[in-house]
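Here the structure comes first, spelled out in structure tokens, and everything after it is commentary.
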2 protein chains.
Amino acid sequence: MSGISTFNPPVRTLMGPGPSDVPPRVLEALSRPTIGHLDPRFVDMMEEVKRMLQYAFMTDNAMTMPVSAPGSAGMETCFANLLEPGDKVIVCQNGVFGGRMKENVIRCGGEAIMVEDEWGKVVDVQKVEDALKAHPDAKVLAFVHAETSTGAQSDAATLCRLAREHDCLSIVDAVTSLGGTPVRVDDWGADAIYSGTQKCLSCVPGLSPVSFSEAALEVIRKRNTPVQSWFLDLNLVMGYWGSGAQRSYHHTAPVNSLYALHEALCILQEEGLENAWARHEKHHQALKAGLEAMGMNFVVKEGDRLPQLNAVSVPEGVDEAAVRRALLEDFNLEIGAGLGALAGKVWRIGLMGHASNQKNVLLCLSALEAVLGQMKAPIAKGAALDAAMAIYA
Amino acid sequence: MSGISTFNPPVRTLMGPGPSDVPPRVLEALSRPTIGHLDPRFVDMMEEVKRMLQYAFMTDNAMTMPVSAPGSAGMETCFANLLEPGDKVIVCQNGVFGGRMKENVIRCGGEAIMVEDEWGKVVDVQKVEDALKAHPDAKVLAFVHAETSTGAQSDAATLCRLAREHDCLSIVDAVTSLGGTPVRVDDWGADAIYSGTQKCLSCVPGLSPVSFSEAALEVIRKRNTPVQSWFLDLNLVMGYWGSGAQRSYHHTAPVNSLYALHEALCILQEEGLENAWARHEKHHQALKAGLEAMGMNFVVKEGDRLPQLNAVSVPEGVDEAAVRRALLEDFNLEIGAGLGALAGKVWRIGLMGHASNQKNVLLCLSALEAVLGQMKAPIAKGAALDAAMAIYA
């Protein structure tokens with residue numbers, strides 16, 4: 001065996017749907033010496049991570065912690081712990097991730113009642129209320145707050161309220177929203193919520209922050225059947241992440257990734273949630289002004305958009321994959337392709353966390369204009385940067 | 001929110017059951033700039049990781065890759081993919097991890113037939129053969145090659161052969177063996193095997209290398225029911241980790257942790273598997289000589305021991321937790337406690353991967369002698385270092 005040497009990644013600017021640019025502080029923290037997952041110093045750090053996640057999620061929920069795996073495992077943690085075979089779940093789908101929720105329900109032996117909306121639209125609150133009335137035996141309402149596949153942001157406050165009014169627990173996907181737009185777990189009364197570290201928290205991918213209400217925990221404690229996943233069983237995980245002095249071994253925590261999350265949360269706390277939201281909004285406005293000056297159109301209507309995930313239609317006649325390839329090769333700039341129903345039709349331009357800054361907005365607009373110009377795409381040239389700079393003025 | 005600042009871990013020497021000391025090269029690789037999980041350069045790196053894992057596992061299995069979560073999730077990947085409700089599994093238990101396998105079988109809706117051996121003993125091959133004969137309808141034989149809770153190494157070659165002779169698939173736990181003692185997947189004919197990155201590979205915790213035979217994949221492809229975990233469903237994961245030019249998004253890979261694994265595998269390849277095994281054996285002999293010179297006794301009998309995991313009985317009258325605390329506080333040295341049936345009765349001293357070196361052996365022996373001496377424990381003093389050095393001579 002030979003011939004494989006160390007991997008030196010290119011330095012990219014990450015403006016896709018995540019991972020986003022990870023700041024040097026977080027990368028440096030990541031590389032600090034590994035210590036044991038039961039070391040008292042590590043346990044102290046875990047407590048700090050929990051407190052800072054409570055801040056990010058705006059919650060007092062005691063069960064607020066990072067799952068030791070990516071966002072998809074965070075989603076599965078919510079469904080596998082709350083559902084038992086035969087349970088009915090109302091699942092809202094307006095993009096890829098609602099579909100993934102449906103898959104989770106089925107694999108837990110549950111029944112998924114689908115409330116579908118067009119991709120790019122927000123979840124229709126009226127349809128959800130109708131479904132809750134039509135299915136009074138539903139146990140859970142599940143929806144995506146921030147649909148990463150389209151950039152639509154649904155009304156989580158109203159949806160969680162409807163769930164409560166109909167004696168349902170709520171499961172909320174906040175993978176792309178946490179740290180970028182308000183995620184008010186306690187105000188909403190959300191019961192189970194999951195996110196990812198590689199979006200607006202600008203940490204490395206691989207962890208999934210989650211939070212569970214007391215009502216959700218009560219349901220989990222009183223299950224009739226064991227949680228089908230041993231690895232994700234919160235009854236066991238809490239023995240390790242709980243706040244007792246005595247931590248019991250469940251699995252080996254991803255120690256260094258947790259250093260990185262700790263640092264990313266320190267950065268968020270230093271900036272302040274409100275300031276982080278405002279920053280995401282400002283750079284979104286600048287990017288939007290530039291893209292629209294080029295003549296490009298957003299998939300989601302104004303007012304329903306996530307500032308951190310800008311889905312725009314590919315101009316007529318343009319080979320979208322060739323554009324992304326040119327951006328990557330000539331500008332070291334990554335933007336995202338469309339997923340599912342939107343594959344080949346849209347680009348997804350992320351302005352997430354650390355990556356939501358003026359330099360990235362200007363790079364993206366100039367690179368896109370250059371590449372589309374070379375391809376003789378039907379765009380207006382020369383106006384994008386001025387339009388963006390007018391927002392910054 | 002305020003008052004939490006950056007976390008600077010102490011610099012420990014990690015001689016517990018894992019994580020083990022991570023070499024600076026791996027920590028540095030970990031902190032390289034994050035790129036996208038679908039970036040062509042990242043995809044090339046994934047191919048290299050797969051090739052180097054094939055080398056480590058001594059296999060040509062195409063489906064050889066790291067699961068994006070710790071070893072427990074690797075275990076669950078094996079059980080959740082191979083089992084369907086009602087399937088019968090013969091599970092060998094001679095420590096903690098056989099018990100965890102049983103939990104996995106139950107949570108997959110299977111039936112676990114237990115073959116139990118005393119903790120510290122290896123799996124009794126005759127009992128397994130009897131169980132296979134008594135249960136001709138068993139689908140899987142599951143056992144732990146390297147029992148991290150005791151330090152016993154079972155005869156994987158014979159157990160896998162027995163499984164094949166009785167038309168069973170085999171599931172093998174190689175969490176603590178991979179990179180430390182021979183794991184010959186193809187020679188053994190193992191069907192599903194999982195490991196961890198934080199043991200003898202000396203990478204950070206959080207990933208679980210796995211490998212599946214063609215026979216196992218055929219069973220997975222032909223399932224009647226969906227795999228109960230969406231996140232761990234190999235039918236989906238292979239769309240991302242498969243070798244086609246077209247990678248499809250499944251979950252966001254833990255990009256930086258994979259840089260670290262790549263580097264750790266480069267180091268293994270540079271040293272060579274045989275040299276790594278020999279190094280583990282040499283330092284084990286030195287540690288053993290020193291511990292025995294102090295009068296300490298191994299839990300596992302000679303010939304059945306893992307050189308990388310040394311479980312020794314706590315001397316009579318000694319407060320084992322106080323000893324570990326003193327080692328940590330006064331020497332920055334971590335050794336492991338006993339688990340399960342051995343809790344409070346043994347220490348587990350790891351010599352794994354990068355941590356298997358002369359400096360660590362001598363530190364451990366001198367620190368242990370000093371601490372036990374202070375506590376007036378019934379040990380022989382002054383002979384340990386000479387005994388260890390005689391091995392190195």
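To be explicit about the labels: the chains of the structure tokens are called A, B, and onward in the order shown, and within each one the residues are counted from 1, while ligands get numbers from 1 in the order they are shown.
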After fit on chain A (all C-alpha, ordered pairs), chain B as a compact mmCIF listing (two decimals) with C-alpha atoms, in the first residue's frame:
# COMPACT_ATOMS: atom_id res chain seq x y z
CA MET B 1 0.00 0.00 -0.04
CA SER B 2 1.42 3.36 -0.94
CA GLY B 3 1.01 6.40 -3.07
CA ILE B 4 -1.50 8.26 -0.98
CA SER B 5 -0.19 11.35 0.76
CA THR B 6 -1.64 14.01 2.98
CA PHE B 7 -4.72 15.83 1.73
CA ASN B 8 -4.44 19.57 1.38
CA PRO B 9 -7.86 20.95 0.58
CA PRO B 10 -8.18 24.00 -1.66
CA VAL B 11 -9.30 27.15 0.14
CA ARG B 12 -12.86 27.68 -1.00
CA THR B 13 -15.46 30.31 -0.25
CA LEU B 14 -18.49 28.30 0.85
CA MET B 15 -21.73 29.90 -0.31
CA GLY B 16 -23.74 26.75 -0.83
CA PRO B 17 -26.39 25.28 1.46
CA GLY B 18 -23.72 24.28 4.01
CA PRO B 19 -21.12 23.62 5.16
CA SER B 20 -20.46 27.34 5.39
CA ASP B 21 -17.06 28.98 5.85
CA VAL B 22 -15.62 27.98 9.21
CA PRO B 23 -13.75 30.83 10.92
CA PRO B 24 -10.10 30.32 11.87
CA ARG B 25 -10.95 30.51 15.59
CA VAL B 26 -13.21 27.49 15.26
CA LEU B 27 -10.69 25.52 13.19
CA GLU B 28 -7.99 26.28 15.74
CA ALA B 29 -10.20 25.16 18.64
CA LEU B 30 -10.99 21.98 16.71
CA SER B 31 -7.32 21.05 16.65
CA ARG B 32 -6.65 21.37 20.38
CA PRO B 33 -5.37 18.24 22.12
CA THR B 34 -7.94 15.48 22.52
CA ILE B 35 -8.90 14.60 26.09
CA GLY B 36 -11.13 11.85 27.45
CA HIS B 37 -14.90 12.01 27.07
CA LEU B 38 -15.27 11.47 30.84
CA ASP B 39 -12.47 13.87 31.85
CA PRO B 40 -13.86 16.29 34.49
CA ARG B 41 -12.59 19.20 32.42
CA PHE B 42 -14.44 17.89 29.39
CA VAL B 43 -17.61 17.42 31.40
CA ASP B 44 -17.39 21.07 32.48
CA MET B 45 -17.06 22.07 28.85
CA MET B 46 -20.14 20.00 27.95
CA GLU B 47 -22.13 22.00 30.50
CA GLU B 48 -21.01 25.21 28.81
CA VAL B 49 -22.01 23.87 25.40
CA LYS B 50 -25.46 23.05 26.76
CA ARG B 51 -25.86 26.54 28.25
CA MET B 52 -24.78 28.22 25.04
CA LEU B 53 -27.12 26.01 22.98
CA GLN B 54 -29.97 27.04 25.29
CA TYR B 55 -29.07 30.63 24.43
CA ALA B 56 -29.00 29.89 20.70
CA PHE B 57 -32.34 28.04 20.82
CA MET B 58 -33.83 30.65 23.21
CA THR B 59 -34.95 27.98 25.62
CA ASP B 60 -34.66 26.85 29.20
CA ASN B 61 -35.15 23.20 28.15
CA ALA B 62 -32.80 21.10 30.27
CA MET B 63 -32.51 18.58 27.45
CA THR B 64 -30.63 20.80 25.03
CA MET B 65 -27.48 19.21 23.64
CA PRO B 66 -25.68 18.23 20.45
CA VAL B 67 -26.33 14.77 19.00
CA SER B 68 -22.99 13.14 18.04
CA ALA B 69 -23.81 12.96 14.32
CA PRO B 70 -25.04 15.21 11.47
CA GLY B 71 -28.44 16.91 11.19
CA SER B 72 -30.10 13.87 9.62
CA ALA B 73 -29.36 12.00 12.82
CA GLY B 74 -30.80 14.89 14.79
CA MET B 75 -34.01 14.56 12.77
CA GLU B 76 -34.02 10.83 13.44
CA THR B 77 -33.44 11.43 17.17
CA CYS B 78 -36.68 13.41 17.29
CA PHE B 79 -38.79 10.90 15.39
CA ALA B 80 -37.32 7.70 16.85
CA ASN B 81 -37.73 8.93 20.41
CA LEU B 82 -41.22 10.42 20.14
CA LEU B 83 -42.88 7.84 17.90
CA GLU B 84 -44.03 4.32 18.62
CA PRO B 85 -45.41 1.92 16.02
CA GLY B 86 -48.87 2.96 14.84
CA ASP B 87 -48.52 6.60 15.84
CA LYS B 88 -50.00 9.13 13.46
CA VAL B 89 -47.93 12.16 12.40
CA ILE B 90 -49.01 15.14 10.35
CA VAL B 91 -46.02 15.96 8.16
CA CYS B 92 -45.82 19.22 6.24
CA GLN B 93 -43.87 18.99 3.03
CA ASN B 94 -42.79 22.00 1.01
CA GLY B 95 -39.34 20.78 -0.03
CA VAL B 96 -36.81 17.97 0.37
CA PHE B 97 -36.72 17.84 4.14
CA GLY B 98 -40.42 17.36 4.70
CA GLY B 99 -40.03 14.27 2.50
CA ARG B 100 -37.23 13.05 4.71
CA MET B 101 -39.49 13.52 7.73
CA LYS B 102 -42.07 11.29 6.05
CA GLU B 103 -39.40 8.62 5.54
CA ASN B 104 -38.57 8.84 9.22
CA VAL B 105 -42.19 8.37 10.24
CA ILE B 106 -42.56 5.30 8.04
CA ARG B 107 -39.33 3.75 9.31
CA CYS B 108 -40.53 4.24 12.89
CA GLY B 109 -43.66 2.27 12.04
CA GLY B 110 -45.83 5.37 12.17
CA GLU B 111 -48.43 6.72 9.77
CA ALA B 112 -47.65 9.94 7.93
CA ILE B 113 -50.52 12.27 7.02
CA MET B 114 -49.06 14.59 4.41
CA VAL B 115 -49.85 18.28 4.10
CA GLU B 116 -48.20 19.31 0.88
CA ASP B 117 -47.33 22.72 -0.45
CA GLU B 118 -45.57 23.69 -3.60
CA TRP B 119 -41.79 23.81 -3.36
CA GLY B 120 -40.75 27.37 -2.64
CA LYS B 121 -43.96 28.17 -0.78
CA VAL B 122 -44.22 28.26 2.99
CA VAL B 123 -46.32 25.71 4.87
CA ASP B 124 -49.98 26.68 4.55
CA VAL B 125 -51.25 27.22 8.08
CA GLN B 126 -54.88 26.71 7.11
CA LYS B 127 -54.21 23.32 5.54
CA VAL B 128 -52.39 22.28 8.69
CA GLU B 129 -55.30 23.33 10.88
CA ASP B 130 -57.67 21.38 8.65
CA ALA B 131 -55.47 18.29 8.91
CA LEU B 132 -55.28 18.59 12.70
CA LYS B 133 -59.07 18.78 12.83
CA ALA B 134 -59.46 15.86 10.46
CA HIS B 135 -57.03 13.73 12.48
CA PRO B 136 -57.74 14.33 16.15
CA ASP B 137 -55.74 11.19 16.99
CA ALA B 138 -52.49 12.58 15.53
CA LYS B 139 -49.67 12.52 18.05
CA VAL B 140 -47.18 14.82 16.35
CA LEU B 141 -47.10 17.73 13.91
CA ALA B 142 -43.79 17.86 12.04
CA PHE B 143 -42.64 20.69 9.84
CA VAL B 144 -39.56 22.40 8.50
CA HIS B 145 -39.00 25.92 9.78
CA ALA B 146 -36.26 26.75 7.29
CA GLU B 147 -36.47 24.64 4.13
CA THR B 148 -32.86 24.37 2.95
CA SER B 149 -33.93 23.08 -0.45
CA THR B 150 -35.92 26.22 -1.33
CA GLY B 151 -35.10 28.99 1.11
CA ALA B 152 -38.66 29.30 2.42
CA GLN B 153 -39.23 30.14 6.08
CA SER B 154 -42.50 28.93 7.55
CA ASP B 155 -44.41 30.39 10.47
CA ALA B 156 -43.15 28.21 13.30
CA ALA B 157 -44.90 30.17 16.05
CA THR B 158 -48.34 29.59 14.55
CA LEU B 159 -47.66 25.98 13.61
CA CYS B 160 -46.45 25.11 17.12
CA ARG B 161 -49.48 26.86 18.62
CA LEU B 162 -51.82 24.88 16.38
CA ALA B 163 -50.11 21.67 17.44
CA ARG B 164 -50.60 22.51 21.11
CA GLU B 165 -54.25 23.47 20.57
CA HIS B 166 -54.82 20.03 19.08
CA ASP B 167 -52.88 18.13 21.74
CA CYS B 168 -50.06 17.34 19.37
CA LEU B 169 -46.37 17.46 20.01
CA SER B 170 -44.36 19.47 17.49
CA ILE B 171 -41.14 18.43 15.73
CA VAL B 172 -39.34 21.34 14.07
CA ASP B 173 -36.48 21.31 11.56
CA ALA B 174 -34.30 24.34 12.29
CA VAL B 175 -31.18 23.08 10.55
CA THR B 176 -30.69 26.18 8.45
CA SER B 177 -32.30 28.76 10.71
CA LEU B 178 -30.45 28.42 14.03
CA GLY B 179 -28.17 31.42 14.43
CA GLY B 180 -29.37 33.03 11.20
CA THR B 181 -33.00 33.91 11.90
CA PRO B 182 -34.97 33.78 15.16
CA VAL B 183 -35.54 30.30 16.59
CA ARG B 184 -37.63 30.93 19.71
CA VAL B 185 -38.13 27.47 21.13
CA ASP B 186 -39.79 28.53 24.39
CA ASP B 187 -41.90 31.30 22.86
CA TRP B 188 -43.09 28.95 20.16
CA GLY B 189 -43.60 26.09 22.60
CA ALA B 190 -41.80 23.70 20.25
CA ASP B 191 -41.46 20.21 21.70
CA ALA B 192 -38.59 18.75 19.70
CA ILE B 193 -36.26 20.71 17.47
CA TYR B 194 -33.04 19.86 15.68
CA SER B 195 -30.39 21.82 13.84
CA GLY B 196 -26.94 21.38 12.33
CA THR B 197 -23.58 22.90 13.16
CA GLN B 198 -22.43 23.55 9.59
CA LYS B 199 -24.94 26.25 8.64
CA CYS B 200 -25.40 29.54 10.50
CA LEU B 201 -23.30 28.42 13.47
CA SER B 202 -20.29 28.16 11.10
CA CYS B 203 -18.92 25.15 12.86
CA VAL B 204 -17.67 22.01 11.13
CA PRO B 205 -20.31 19.51 9.98
CA GLY B 206 -20.99 16.42 12.06
CA LEU B 207 -23.07 17.49 15.06
CA SER B 208 -26.76 18.15 15.46
CA PRO B 209 -27.95 20.43 18.27
CA VAL B 210 -31.36 19.36 19.58
CA SER B 211 -33.74 20.54 22.27
CA PHE B 212 -36.72 18.78 23.87
CA SER B 213 -39.52 20.19 26.01
CA GLU B 214 -40.55 18.61 29.31
CA ALA B 215 -43.73 17.34 27.60
CA ALA B 216 -41.65 15.57 24.97
CA LEU B 217 -39.39 14.04 27.61
CA GLU B 218 -42.40 12.77 29.51
CA VAL B 219 -43.60 10.98 26.37
CA ILE B 220 -40.13 9.50 25.86
CA ARG B 221 -39.88 8.28 29.47
CA LYS B 222 -43.30 6.64 29.30
CA ARG B 223 -42.83 4.74 26.04
CA ASN B 224 -44.27 1.24 25.81
CA THR B 225 -41.61 0.07 23.37
CA PRO B 226 -37.87 0.72 23.42
CA VAL B 227 -36.56 3.46 21.12
CA GLN B 228 -35.57 1.54 17.98
CA SER B 229 -32.14 3.16 17.86
CA TRP B 230 -29.79 2.33 20.73
CA PHE B 231 -27.38 5.05 19.62
CA LEU B 232 -30.04 7.77 19.58
CA ASP B 233 -32.10 6.62 22.59
CA LEU B 234 -32.42 9.76 24.71
CA ASN B 235 -33.19 7.70 27.81
CA LEU B 236 -29.60 6.46 27.54
CA VAL B 237 -27.97 9.55 26.04
CA MET B 238 -29.15 11.61 29.00
CA GLY B 239 -27.04 9.46 31.32
CA TYR B 240 -24.07 11.01 29.58
CA TRP B 241 -25.30 14.50 28.66
CA GLY B 242 -27.48 14.92 31.79
CA SER B 243 -26.44 17.27 34.52
CA GLY B 244 -25.72 14.81 37.32
CA ALA B 245 -22.20 14.77 38.74
CA GLN B 246 -21.99 11.14 37.70
CA ARG B 247 -21.74 10.79 33.91
CA SER B 248 -22.12 7.31 32.62
CA TYR B 249 -20.52 6.13 29.43
CA HIS B 250 -22.93 5.73 26.53
CA HIS B 251 -20.84 6.31 23.42
CA THR B 252 -17.53 8.07 22.90
CA ALA B 253 -18.33 11.71 22.29
CA PRO B 254 -16.76 13.45 19.27
CA VAL B 255 -14.44 15.39 21.57
CA ASN B 256 -12.71 17.70 19.09
CA SER B 257 -15.86 18.54 17.16
CA LEU B 258 -17.35 19.60 20.47
CA TYR B 259 -14.38 21.94 21.10
CA ALA B 260 -15.25 23.51 17.75
CA LEU B 261 -18.93 23.84 18.60
CA HIS B 262 -18.00 25.40 21.93
CA GLU B 263 -15.91 28.01 20.14
CA ALA B 264 -18.58 28.65 17.49
CA LEU B 265 -21.12 29.23 20.25
CA CYS B 266 -18.69 31.57 22.05
CA ILE B 267 -18.54 33.61 18.85
CA LEU B 268 -22.34 33.67 18.61
CA GLN B 269 -22.65 34.79 22.20
CA GLU B 270 -20.08 37.54 21.69
CA GLU B 271 -21.90 38.87 18.65
CA GLY B 272 -25.32 38.39 20.21
CA LEU B 273 -28.25 36.64 18.54
CA GLU B 274 -30.00 39.85 17.49
CA ASN B 275 -26.84 41.18 15.86
CA ALA B 276 -26.30 37.90 14.05
CA TRP B 277 -29.85 37.99 12.66
CA ALA B 278 -29.39 41.61 11.57
CA ARG B 279 -26.11 40.78 9.86
CA HIS B 280 -27.72 37.91 7.94
CA GLU B 281 -30.52 40.22 6.88
CA LYS B 282 -28.20 43.02 5.75
CA HIS B 283 -26.01 40.86 3.52
CA HIS B 284 -29.05 39.11 2.12
CA GLN B 285 -30.44 42.50 1.08
CA ALA B 286 -27.19 43.37 -0.66
CA LEU B 287 -26.97 40.03 -2.45
CA LYS B 288 -30.63 40.24 -3.42
CA ALA B 289 -30.18 43.76 -4.82
CA GLY B 290 -27.25 42.58 -6.90
CA LEU B 291 -28.93 39.42 -8.17
CA GLU B 292 -32.09 41.28 -9.08
CA ALA B 293 -30.06 43.96 -10.83
CA MET B 294 -28.67 41.13 -12.98
CA GLY B 295 -32.25 40.15 -13.71
CA MET B 296 -32.41 37.03 -11.64
CA ASN B 297 -35.53 35.89 -9.81
CA PHE B 298 -35.99 34.40 -6.37
CA VAL B 299 -37.88 31.12 -5.97
CA VAL B 300 -39.55 32.23 -2.75
CA LYS B 301 -41.70 35.32 -2.57
CA GLU B 302 -40.54 38.33 -0.61
CA GLY B 303 -41.35 38.15 3.08
CA ASP B 304 -41.12 34.35 3.17
CA ARG B 305 -37.41 34.18 2.39
CA LEU B 306 -34.58 32.96 4.54
CA PRO B 307 -31.83 35.59 4.31
CA GLN B 308 -29.23 32.83 4.68
CA LEU B 309 -30.41 30.68 1.77
CA ASN B 310 -31.08 32.44 -1.51
CA ALA B 311 -32.64 30.21 -4.14
CA VAL B 312 -32.74 31.86 -7.55
CA SER B 313 -33.87 30.55 -10.91
CA VAL B 314 -31.22 29.64 -13.45
CA PRO B 315 -31.50 32.02 -16.44
CA GLU B 316 -32.98 30.51 -19.57
CA GLY B 317 -30.63 28.43 -21.69
CA VAL B 318 -27.83 28.34 -19.13
CA ASP B 319 -26.07 25.09 -18.20
CA GLU B 320 -26.32 25.45 -14.45
CA ALA B 321 -23.75 22.76 -13.64
CA ALA B 322 -21.21 24.42 -15.94
CA VAL B 323 -21.69 27.70 -14.10
CA ARG B 324 -21.10 26.08 -10.72
CA ARG B 325 -18.06 24.30 -12.08
CA ALA B 326 -16.61 27.55 -13.40
CA LEU B 327 -17.26 29.34 -10.11
CA LEU B 328 -15.47 26.54 -8.26
CA GLU B 329 -12.55 26.21 -10.63
CA ASP B 330 -11.94 29.85 -11.49
CA PHE B 331 -13.02 31.55 -8.27
CA ASN B 332 -12.82 28.81 -5.60
CA LEU B 333 -16.42 29.70 -4.92
CA GLU B 334 -19.01 27.06 -4.06
CA ILE B 335 -22.71 27.71 -4.56
CA GLY B 336 -25.38 25.03 -4.31
CA ALA B 337 -27.40 23.17 -6.92
CA GLY B 338 -31.13 22.60 -6.76
CA LEU B 339 -32.40 19.49 -4.99
CA GLY B 340 -35.30 17.20 -5.83
CA ALA B 341 -38.04 18.97 -7.76
CA LEU B 342 -35.76 22.00 -8.21
CA ALA B 343 -32.71 20.09 -9.48
CA GLY B 344 -31.30 21.79 -12.56
CA LYS B 345 -33.64 24.74 -12.18
CA VAL B 346 -32.18 26.81 -9.36
CA TRP B 347 -29.02 27.77 -7.58
CA ARG B 348 -28.92 28.00 -3.83
CA ILE B 349 -26.62 30.74 -2.59
CA GLY B 350 -25.88 30.56 1.08
CA LEU B 351 -24.96 33.48 3.30
CA MET B 352 -24.64 31.51 6.48
CA GLY B 353 -22.91 32.41 9.71
CA HIS B 354 -19.34 33.56 9.22
CA ALA B 355 -19.89 33.43 5.43
CA SER B 356 -22.52 36.16 5.62
CA ASN B 357 -20.27 39.12 4.95
CA GLN B 358 -19.70 41.87 2.43
CA LYS B 359 -16.62 40.30 0.89
CA ASN B 360 -18.54 37.15 0.02
CA VAL B 361 -21.49 39.07 -1.38
CA LEU B 362 -19.24 41.07 -3.69
CA LEU B 363 -17.21 38.01 -4.72
CA CYS B 364 -20.35 36.09 -5.55
CA LEU B 365 -21.90 38.86 -7.60
CA SER B 366 -18.75 39.61 -9.58
CA ALA B 367 -17.89 35.96 -10.17
CA LEU B 368 -21.43 35.11 -11.22
CA GLU B 369 -21.58 38.08 -13.56
CA ALA B 370 -18.24 37.14 -15.11
CA VAL B 371 -19.14 33.50 -15.63
CA LEU B 372 -22.64 34.20 -16.93
CA GLY B 373 -21.19 36.87 -19.20
CA GLN B 374 -18.71 34.43 -20.70
CA MET B 375 -21.60 32.06 -21.34
CA LYS B 376 -23.59 34.84 -22.99
CA ALA B 377 -26.46 34.30 -20.58
CA PRO B 378 -29.41 36.71 -20.79
CA ILE B 379 -28.49 38.89 -17.79
CA ALA B 380 -28.11 42.60 -17.29
CA LYS B 381 -24.42 43.40 -16.97
CA GLY B 382 -22.62 46.03 -14.93
CA ALA B 383 -25.37 46.85 -12.44
CA ALA B 384 -25.04 44.21 -9.75
CA LEU B 385 -22.19 45.64 -7.70
CA ASP B 386 -23.64 49.13 -7.59
CA ALA B 387 -26.97 47.76 -6.48
CA ALA B 388 -25.33 45.78 -3.70
CA MET B 389 -23.17 48.69 -2.61
CA ALA B 390 -26.24 50.93 -2.43
CA ILE B 391 -27.52 48.65 0.34
CA TYR B 392 -24.25 48.95 2.22
CA ALA B 393 -24.13 52.72 1.82
Every residue of stretch 336-390 of chain A that DSSP places in alpha helix (DSSP H), as number ranges by chain: A: 358-374, 384-390
Expected answer as number ranges by chain: strand (DSSP E) residues in stretch 41-195 of chain A: A: 63-67, 88-93, 111-116, 140-144, 146-147, 152-153, 169-173, 192-194
